[in-house]
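K.L.:
File start23.cif follows (mmCIF, C-alpha atoms and all ligand atoms):
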data_run
#
loop_
_atom_site.label_atom_id
_atom_site.label_comp_id
_atom_site.auth_asym_id
_atom_site.auth_seq_id
_atom_site.Cartn_x
_atom_site.Cartn_y
_atom_site.Cartn_z
CA MET A 1 42.59 -0.73 79.33
CA LYS A 2 45.50 1.45 78.34
CA ILE A 3 46.40 2.86 74.94
CA PHE A 4 49.87 4.02 73.88
CA ASP A 5 49.74 6.69 71.16
CA THR A 6 53.22 6.48 69.61
CA HIS A 7 52.85 9.40 67.19
CA ALA A 8 50.99 12.63 67.90
CA HIS A 9 51.35 16.36 67.28
CA TYR A 10 49.61 17.95 70.26
CA ASP A 11 51.79 21.04 69.85
CA SER A 12 49.84 21.79 66.67
CA ARG A 13 47.75 24.92 66.53
CA ALA A 14 44.73 22.68 65.97
CA PHE A 15 44.82 21.99 69.74
CA SER A 16 45.55 25.50 71.00
CA GLU A 17 41.95 26.12 72.11
CA ASP A 18 41.43 23.04 74.29
CA ARG A 19 44.75 21.18 74.67
CA GLU A 20 44.77 21.36 78.47
CA GLU A 21 41.21 20.05 78.75
CA LEU A 22 41.49 17.33 76.10
CA LEU A 23 44.76 15.77 77.33
CA PRO A 24 43.67 15.13 80.96
CA TYR A 25 40.28 13.87 79.68
CA ILE A 26 41.77 11.16 77.46
CA HIS A 27 44.50 10.36 79.98
CA ASN A 28 42.13 9.92 82.94
CA GLY A 29 39.93 7.50 81.04
CA PHE A 30 36.66 7.45 79.16
CA ASP A 31 33.95 4.89 78.60
CA VAL A 32 33.95 2.62 75.55
CA MET A 33 31.00 0.22 75.58
CA GLY A 34 31.11 -0.24 79.35
CA GLU A 35 34.93 -0.49 79.56
CA THR A 36 37.16 2.33 80.78
CA VAL A 37 39.91 3.11 78.30
CA SER A 38 42.70 5.58 78.99
CA VAL A 39 45.49 6.97 76.87
CA GLY A 40 48.30 6.01 79.20
CA ARG A 41 51.24 7.38 77.23
CA ILE A 42 51.81 9.63 74.23
CA VAL A 43 54.93 10.32 72.18
CA ASN A 44 54.68 13.78 70.66
CA ASN A 45 56.70 14.05 67.45
CA GLY A 46 58.78 16.93 66.19
CA ALA A 47 58.69 17.81 62.50
CA ASP A 48 61.15 20.70 62.43
CA MET A 49 63.36 22.51 64.94
CA ALA A 50 60.52 24.63 66.35
CA SER A 51 58.13 21.72 66.87
CA SER A 52 60.93 19.60 68.34
CA TYR A 53 61.37 22.25 71.04
CA ARG A 54 57.60 22.39 71.53
CA SER A 55 57.49 18.59 71.79
CA LEU A 56 60.03 18.60 74.60
CA LEU A 57 58.16 21.39 76.36
CA LEU A 58 54.89 19.42 76.26
CA ALA A 59 56.71 16.35 77.57
CA GLU A 60 58.23 18.32 80.42
CA GLU A 61 54.78 19.64 81.36
CA HIS A 62 52.96 16.26 81.40
CA ASP A 63 54.38 13.12 82.99
CA TYR A 64 52.58 10.81 80.51
CA ILE A 65 53.86 12.64 77.41
CA TYR A 66 57.27 11.90 75.88
CA ALA A 67 59.02 13.65 73.02
CA ALA A 68 60.52 12.63 69.72
CA VAL A 69 62.78 15.26 68.17
CA GLY A 70 63.65 15.45 64.51
CA VAL A 71 63.33 17.27 61.23
CA HIS A 72 60.77 16.03 58.69
CA PRO A 73 61.86 15.92 55.01
CA ASP A 74 59.65 18.94 54.30
CA SER A 75 62.03 20.93 56.53
CA ALA A 76 65.26 19.13 55.53
CA GLY A 77 66.93 22.46 54.66
CA GLU A 78 66.99 23.33 58.36
CA LEU A 79 69.74 20.74 58.83
CA ILE A 80 71.48 20.49 55.46
CA PHE A 81 72.51 23.67 53.63
CA CYS A 82 70.78 24.08 50.29
CA PRO A 83 72.09 27.07 48.32
CA GLU A 84 69.03 27.38 46.07
CA GLY A 85 66.62 27.16 49.03
CA CYS A 86 63.00 26.09 48.73
CA GLU A 87 59.80 27.80 47.70
CA VAL A 88 58.17 29.59 50.59
CA GLN A 89 55.06 27.85 51.88
CA ASP A 90 52.54 28.81 54.53
CA ASP A 91 53.57 26.80 57.52
CA GLU A 92 50.87 27.01 60.14
CA ASP A 93 52.78 25.03 62.75
CA ASN A 94 55.64 27.50 62.73
CA ALA A 95 53.17 30.13 63.87
CA SER A 96 51.94 27.92 66.69
CA ALA A 97 51.44 29.51 70.03
CA ILE A 98 53.43 27.42 72.51
CA VAL A 99 56.94 28.54 71.68
CA THR A 100 58.07 31.02 69.15
CA ASP A 101 61.44 30.03 67.81
CA ALA A 102 63.54 33.11 68.27
CA SER A 103 66.71 31.42 67.02
CA LYS A 104 65.28 31.07 63.56
CA GLU A 105 66.58 33.58 61.07
CA ILE A 106 65.13 32.81 57.73
CA VAL A 107 66.43 34.71 54.80
CA SER A 108 63.81 35.26 52.15
CA ALA A 109 64.96 36.35 48.76
CA SER A 110 63.14 36.95 45.54
CA VAL A 111 64.78 35.13 42.69
CA THR A 112 63.81 34.56 39.09
CA ALA A 113 62.51 31.06 38.34
CA ASP A 114 63.05 29.33 34.99
CA ALA A 115 59.69 30.46 33.72
CA GLY A 116 60.67 34.05 34.43
CA ASP A 117 58.16 34.35 37.27
CA MET A 118 59.23 35.82 40.55
CA VAL A 119 59.04 33.24 43.35
CA ASN A 120 59.71 33.75 46.98
CA ARG A 121 62.38 31.37 48.19
CA LYS A 122 63.58 30.50 51.66
CA ILE A 123 67.31 30.07 52.03
CA ILE A 124 68.58 28.90 55.39
CA PRO A 125 72.19 29.99 55.95
CA GLU A 126 74.82 27.27 56.29
CA GLU A 127 75.80 28.54 59.71
CA GLU A 128 72.24 28.15 60.93
CA CYS A 129 72.07 24.57 59.61
CA ARG A 130 75.18 23.80 61.64
CA LYS A 131 73.64 25.40 64.73
CA ASN A 132 70.41 23.43 64.20
CA ARG A 133 72.37 20.17 64.05
CA ASP A 134 74.13 21.08 67.31
CA ASP A 135 70.82 22.06 68.91
CA LEU A 136 69.12 18.84 67.78
CA ARG A 137 71.94 16.85 69.36
CA VAL A 138 71.39 18.70 72.64
CA LEU A 139 67.60 18.14 72.44
CA ALA A 140 68.15 14.43 71.80
CA SER A 141 70.12 14.15 75.05
CA LYS A 142 67.21 15.38 77.22
CA ASP A 143 65.60 12.93 79.66
CA LYS A 144 62.10 12.93 78.16
CA VAL A 145 63.27 12.52 74.58
CA VAL A 146 62.67 8.90 73.58
CA ALA A 147 63.15 8.92 69.79
CA ILE A 148 64.48 10.72 66.73
CA GLY A 149 61.52 11.61 64.54
CA GLU A 150 59.85 12.13 62.39
CA ILE A 151 62.48 11.88 59.68
CA GLY A 152 62.67 10.39 56.19
CA LEU A 153 61.71 11.18 52.61
CA ASP A 154 58.69 12.95 51.14
CA TYR A 155 58.55 12.95 47.33
CA HIS A 156 54.87 13.91 47.37
CA TRP A 157 55.54 17.52 48.33
CA ASP A 158 59.22 17.62 47.30
CA VAL A 159 59.67 20.81 49.31
CA TRP A 160 63.47 20.40 49.40
CA PRO A 161 65.59 18.72 46.70
CA ARG A 162 65.76 14.95 47.16
CA GLU A 163 69.52 15.00 47.74
CA ILE A 164 68.98 17.38 50.68
CA GLN A 165 66.19 15.16 52.08
CA LYS A 166 68.44 12.10 51.84
CA LYS A 167 71.33 13.86 53.60
CA ALA A 168 69.04 15.05 56.41
CA PHE A 169 67.68 11.49 56.82
CA GLU A 170 71.19 10.05 56.88
CA TRP A 171 72.52 12.61 59.34
CA GLN A 172 69.62 12.03 61.73
CA TRP A 173 70.01 8.26 61.45
CA SER A 174 73.61 8.70 62.56
CA LEU A 175 72.37 10.84 65.48
CA ALA A 176 70.15 7.89 66.47
CA GLU A 177 73.18 5.57 66.33
CA GLU A 178 75.13 7.99 68.48
CA THR A 179 72.38 8.45 71.09
CA GLY A 180 70.95 4.91 71.02
CA LEU A 181 67.45 6.30 70.40
CA PRO A 182 64.99 4.63 68.01
CA VAL A 183 63.95 6.29 64.76
CA ILE A 184 60.45 7.25 63.55
CA ILE A 185 60.38 7.16 59.75
CA HIS A 186 58.09 9.26 57.57
CA SER A 187 57.98 8.13 53.94
CA ARG A 188 55.53 9.32 51.30
CA ASP A 189 55.70 8.50 47.57
CA ALA A 190 59.30 7.43 48.12
CA ALA A 191 58.95 3.65 48.53
CA GLU A 192 62.03 2.50 46.61
CA ASP A 193 64.49 5.10 47.92
CA THR A 194 63.34 4.65 51.52
CA LEU A 195 63.76 0.88 51.42
CA ARG A 196 67.15 1.24 49.72
CA MET A 197 68.34 3.75 52.31
CA VAL A 198 67.07 1.82 55.34
CA LYS A 199 68.67 -1.39 54.05
CA GLY A 200 71.82 0.61 53.45
CA PHE A 201 71.92 1.92 57.02
CA TYR A 202 71.77 -1.63 58.38
CA THR A 203 74.15 -3.02 55.78
CA LYS A 204 76.69 -0.40 56.69
CA LEU A 205 76.44 -1.49 60.32
CA MET A 206 76.45 -5.21 59.62
CA PRO A 207 77.67 -5.90 56.09
CA GLY A 208 76.91 -9.34 54.67
CA LYS A 209 79.51 -11.04 52.47
CA ASP A 210 77.96 -9.76 49.27
CA GLY A 211 77.24 -6.34 50.76
CA THR A 212 73.54 -7.04 51.23
CA VAL A 213 71.44 -7.62 54.31
CA ASN A 214 70.37 -11.19 54.92
CA ALA A 215 68.02 -12.85 57.35
CA ALA A 216 70.85 -14.33 59.42
CA LEU A 217 71.81 -10.80 60.47
CA THR A 218 68.36 -9.82 61.65
CA SER A 219 68.84 -10.62 65.32
CA LYS A 220 72.05 -8.59 65.45
CA MET A 221 70.35 -5.71 63.71
CA SER A 222 67.57 -5.40 66.21
CA SER A 223 70.25 -4.65 68.79
CA SER A 224 71.36 -1.57 66.83
CA VAL A 225 69.05 1.26 65.76
CA LYS A 226 65.37 0.41 66.15
CA ALA A 227 62.96 1.97 63.70
CA VAL A 228 59.24 2.27 62.97
CA MET A 229 57.62 2.94 59.61
CA HIS A 230 55.15 5.61 60.65
CA CYS A 231 51.75 5.61 58.89
CA TYR A 232 52.83 2.68 56.73
CA SER A 233 51.31 3.10 53.26
CA TYR A 234 53.31 0.84 50.92
CA SER A 235 52.91 -2.70 49.59
CA VAL A 236 52.74 -6.02 51.41
CA GLU A 237 56.01 -6.99 49.68
CA HIS A 238 57.85 -3.96 51.04
CA ALA A 239 56.34 -4.57 54.47
CA ALA A 240 57.85 -8.06 54.39
CA GLU A 241 61.26 -6.52 53.59
CA TYR A 242 61.03 -4.11 56.53
CA LEU A 243 59.88 -6.93 58.76
CA LYS A 244 63.02 -8.90 57.85
CA LEU A 245 65.05 -5.91 59.03
CA GLY A 246 63.16 -6.01 62.34
CA LEU A 247 61.22 -2.77 61.84
CA MET A 248 57.97 -1.85 63.57
CA PHE A 249 54.87 -0.50 61.79
CA GLY A 250 52.81 2.48 62.91
CA ILE A 251 49.11 1.84 62.22
CA GLY A 252 46.53 4.59 62.55
CA GLY A 253 43.22 5.91 61.25
CA VAL A 254 43.85 4.98 57.62
CA VAL A 255 43.29 1.28 58.40
CA THR A 256 39.60 2.06 59.07
CA PHE A 257 39.01 3.74 55.70
CA LYS A 258 36.84 1.90 53.20
CA ASN A 259 39.52 2.12 50.49
CA ALA A 260 42.34 0.80 52.71
CA LYS A 261 42.38 -2.72 51.22
CA LYS A 262 46.16 -2.80 50.78
CA LEU A 263 46.80 -1.65 54.36
CA ASN A 264 44.32 -4.24 55.67
CA GLU A 265 46.39 -6.91 53.89
CA VAL A 266 49.57 -5.55 55.45
CA VAL A 267 48.01 -5.62 58.95
CA ASP A 268 46.79 -9.16 58.34
CA MET A 269 50.32 -10.24 57.37
CA LEU A 270 52.19 -8.49 60.21
CA PRO A 271 52.76 -10.24 63.53
CA LEU A 272 50.93 -8.26 66.25
CA ASP A 273 54.21 -7.72 68.09
CA HIS A 274 55.44 -5.52 65.21
CA ILE A 275 52.48 -3.11 65.35
CA LEU A 276 52.40 0.24 67.17
CA LEU A 277 49.22 2.30 67.51
CA GLU A 278 49.51 5.90 66.38
CA THR A 279 47.18 8.78 65.61
CA ASP A 280 49.35 11.33 63.79
CA CYS A 281 46.77 13.69 65.30
CA PRO A 282 45.45 16.26 64.48
CA TYR A 283 45.58 14.45 61.10
CA MET A 284 44.32 11.02 59.94
CA ALA A 285 41.17 10.64 62.05
CA PRO A 286 39.61 7.17 61.66
CA ASP A 287 36.14 6.48 60.31
CA PRO A 288 33.56 7.77 61.30
CA PHE A 289 35.54 10.97 62.00
CA ARG A 290 37.48 11.02 58.72
CA GLY A 291 38.43 14.60 57.82
CA LYS A 292 37.83 15.89 61.36
CA ARG A 293 40.44 16.67 64.00
CA ASN A 294 41.95 13.47 65.35
CA ASN A 295 42.93 12.71 68.97
CA SER A 296 44.40 9.71 70.83
CA GLY A 297 40.97 8.69 72.17
CA TYR A 298 39.96 7.68 68.63
CA LEU A 299 42.61 4.94 68.68
CA THR A 300 39.85 2.70 70.05
CA TYR A 301 38.47 2.58 66.49
CA VAL A 302 41.90 1.63 65.14
CA ALA A 303 42.37 -1.08 67.76
CA GLU A 304 38.89 -2.50 66.99
CA LYS A 305 39.72 -2.63 63.29
CA ILE A 306 43.07 -4.36 63.86
CA ALA A 307 41.34 -6.90 66.13
CA GLN A 308 38.72 -7.51 63.45
CA ILE A 309 41.29 -8.00 60.66
CA LYS A 310 43.40 -10.37 62.74
CA GLY A 311 40.47 -12.17 64.40
CA LEU A 312 41.65 -11.25 67.91
CA ASP A 313 40.08 -9.90 71.05
CA VAL A 314 40.54 -6.10 71.14
CA LYS A 315 42.01 -6.39 74.65
CA GLN A 316 44.89 -8.36 73.19
CA VAL A 317 45.50 -5.56 70.68
CA TYR A 318 45.62 -2.93 73.48
CA ASP A 319 47.90 -5.04 75.68
CA THR A 320 50.33 -6.19 72.99
CA THR A 321 50.67 -2.78 71.31
CA TRP A 322 51.27 -1.24 74.77
CA ASP A 323 54.06 -3.73 75.44
CA ASN A 324 55.48 -3.21 71.93
CA ALA A 325 55.66 0.55 72.43
CA CYS A 326 57.30 0.24 75.86
CA ARG A 327 59.90 -2.12 74.39
CA PHE A 328 60.47 0.11 71.35
CA PHE A 329 61.03 3.26 73.42
CA SER A 330 62.89 1.35 76.19
CA MET A 331 60.38 2.26 78.92
CA ASP A 332 59.14 0.27 81.90
CA GLN A 333 55.79 -1.37 81.27
ZN ZN B 1 53.47 12.94 62.08
#
Show me, as structure tokens, the structure contained in the file I just sent.

P.N.:
Amino acid sequence: MKIFDTHAHYDSRAFSEDREELLPYIHNGFDVMGETVSVGRIVNNGADMASSYRSLLLAEEHDYIYAAVGVHPDSAGELIFCPEGCEVQDDEDNASAIVTDASKEIVSASVTADAGDMVNRKIIPEEECRKNRDDLRVLASKDKVVAIGEIGLDYHWDVWPREIQKKAFEWQWSLAEETGLPVIIHSRDAAEDTLRMVKGFYTKLMPGKDGTVNAALTSKMSSSVKAVMHCYSYSVEHAAEYLKLGLMFGIGGVVTFKNAKKLNEVVDMLPLDHILLETDCPYMAPDPFRGKRNNSGYLTYVAEKIAQIKGLDVKQVYDTTWDNACRFFSMDQ
């Protein structure tokens, strides 16, 4: 049986010790209760310019790995100039070993915050934002790049101002339109704005009479930009809205957590052909590994849980989610 991990971060430093042993191990197949399961394909996601380059590099080194390139809302200022910058954070992935991003010139300046405290702020020059947008367009044109992601809104960390996050999301959505690639959406604590923006993107493409999206347009929409809600964490009602727009749903380790009642309801409601398996590894390990480093092999626990919720044979979950992912990323089966 084959598993398709549609969202991973194997370029993360968490894998620097054993990446080249772990990947062949899970790809070649391992035993799960007498059945051989293998992770047949992986899409490694970018989260900023540096990890987008690293994603492509990993994909070029392994035939079963593909890359998504994109800038996460926490790095939105890499694409859209923000004169006030953002507070400097420790970013472990930027220090990751695979590629050091020499093109990155970050200007750090000490400025006085409202409270009078000195805070270190990162300001990315406008010229560099322009260069990053050009570079991302070039990355998106590479053979092994199969999606734009992960992109969206993150109001939990609010690293960059929300207007900057929205502009970065919008610009990257237009890059997806231009390249024909699907989009991988990250959204945290931003339920209303994300739904409004996604509806807006489709409405702009296919406006209904009253300016809203309606069900009659759904089939046309699925022929434009395809999108997945990665690590879906919102309500059943919102899930139904995204489903009407034809979106896919990335389901991972969270579904196995004891307190994941809401997500279990969402999975129960969704047709299986709208579900993609994803790890988001090294994060989001399923029970019984919660809190530990995740890897694509643990998707067996996620598939079992989905099968249990929907009352299906787990084989059907593997097969259908494999087909879904191939269709989503426009790959042969
Ligand atoms: Zn991710």

K.L.:
Leaving out Gly149 (chain A) and any residue of its chain fewer than 2 positions from it, which residues lie within 7 Å of it when counting all atoms listed in the file, given as a list in words?

P.N.:
Asn45, Gly46, Ala68, Val69, Gly70, Val71, Ala147, Ile151, Val183, Ile184 and Ile185 of chain A

K.L.:
Could you check the closest approach to Leu245 (chain A) for each of A:Ser187, A:Ser233, A:Ala227, A:Glu170 and tell me which residue wins, using all atoms listed in the file?

P.N.:
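Answer, going by the shortest atom-to-atom distance: A:Ala227.
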
K.L.:
Taking all atoms listed in the file into account, which residues have an atom no farther than 7 Å from ligand ZN 1 (chain B)? I'd like them as a ChimeraX atom specification.

P.N.:
/A:7-9,45,150,280

K.L.:
Could you put an axis-aligned box around every listed atom of region 7-20 of chain A, padded by 4 Å on each side, and send me its centre and edge lengths in Å to one decimal, as AutoDock Vina command-line options?

P.N.:
--center_x 47.1 --center_y 17.8 --center_z 72.2 --size_x 19.4 --size_y 24.7 --size_z 20.5

K.L.:
Interatomic distance between CA of Val267 (chain A) and CA of Ser55 (chain A)?

P.N.:
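Distance reported for this atom pair: 29.0 Å.
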
K.L.:
Taking the point (75.6, 25.8, 53.2) as given in the file, collect each protein or nucleic acid residue that comes within 9 Å of it, counting only C-alpha atoms, and present the set as a list in words.

P.N.:
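Output of the proximity query reads Ile80, Phe81, Cys82, Pro83, Ile124, Pro125, Glu126, Glu127, Glu128, Cys129 and Arg130 of chain A.
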
K.L.:
Select, from A:Leu79, A:Leu263, A:Ala50, A:Ile26, the residue with the minimum atom-to-atom distance to Tyr64 (chain A), counting only C-alpha atoms.

P.N.:
A:Ile26

K.L.:
Taking (70.5, 19.2, 50.3) as a centre in this file's frame and 8 Å as the limit, can you find every polymer residue with an atom that close, using all atoms listed in the file, and give them as a PyMOL selection string?

P.N.:
chain A and resi 76-77+80-82+160-168
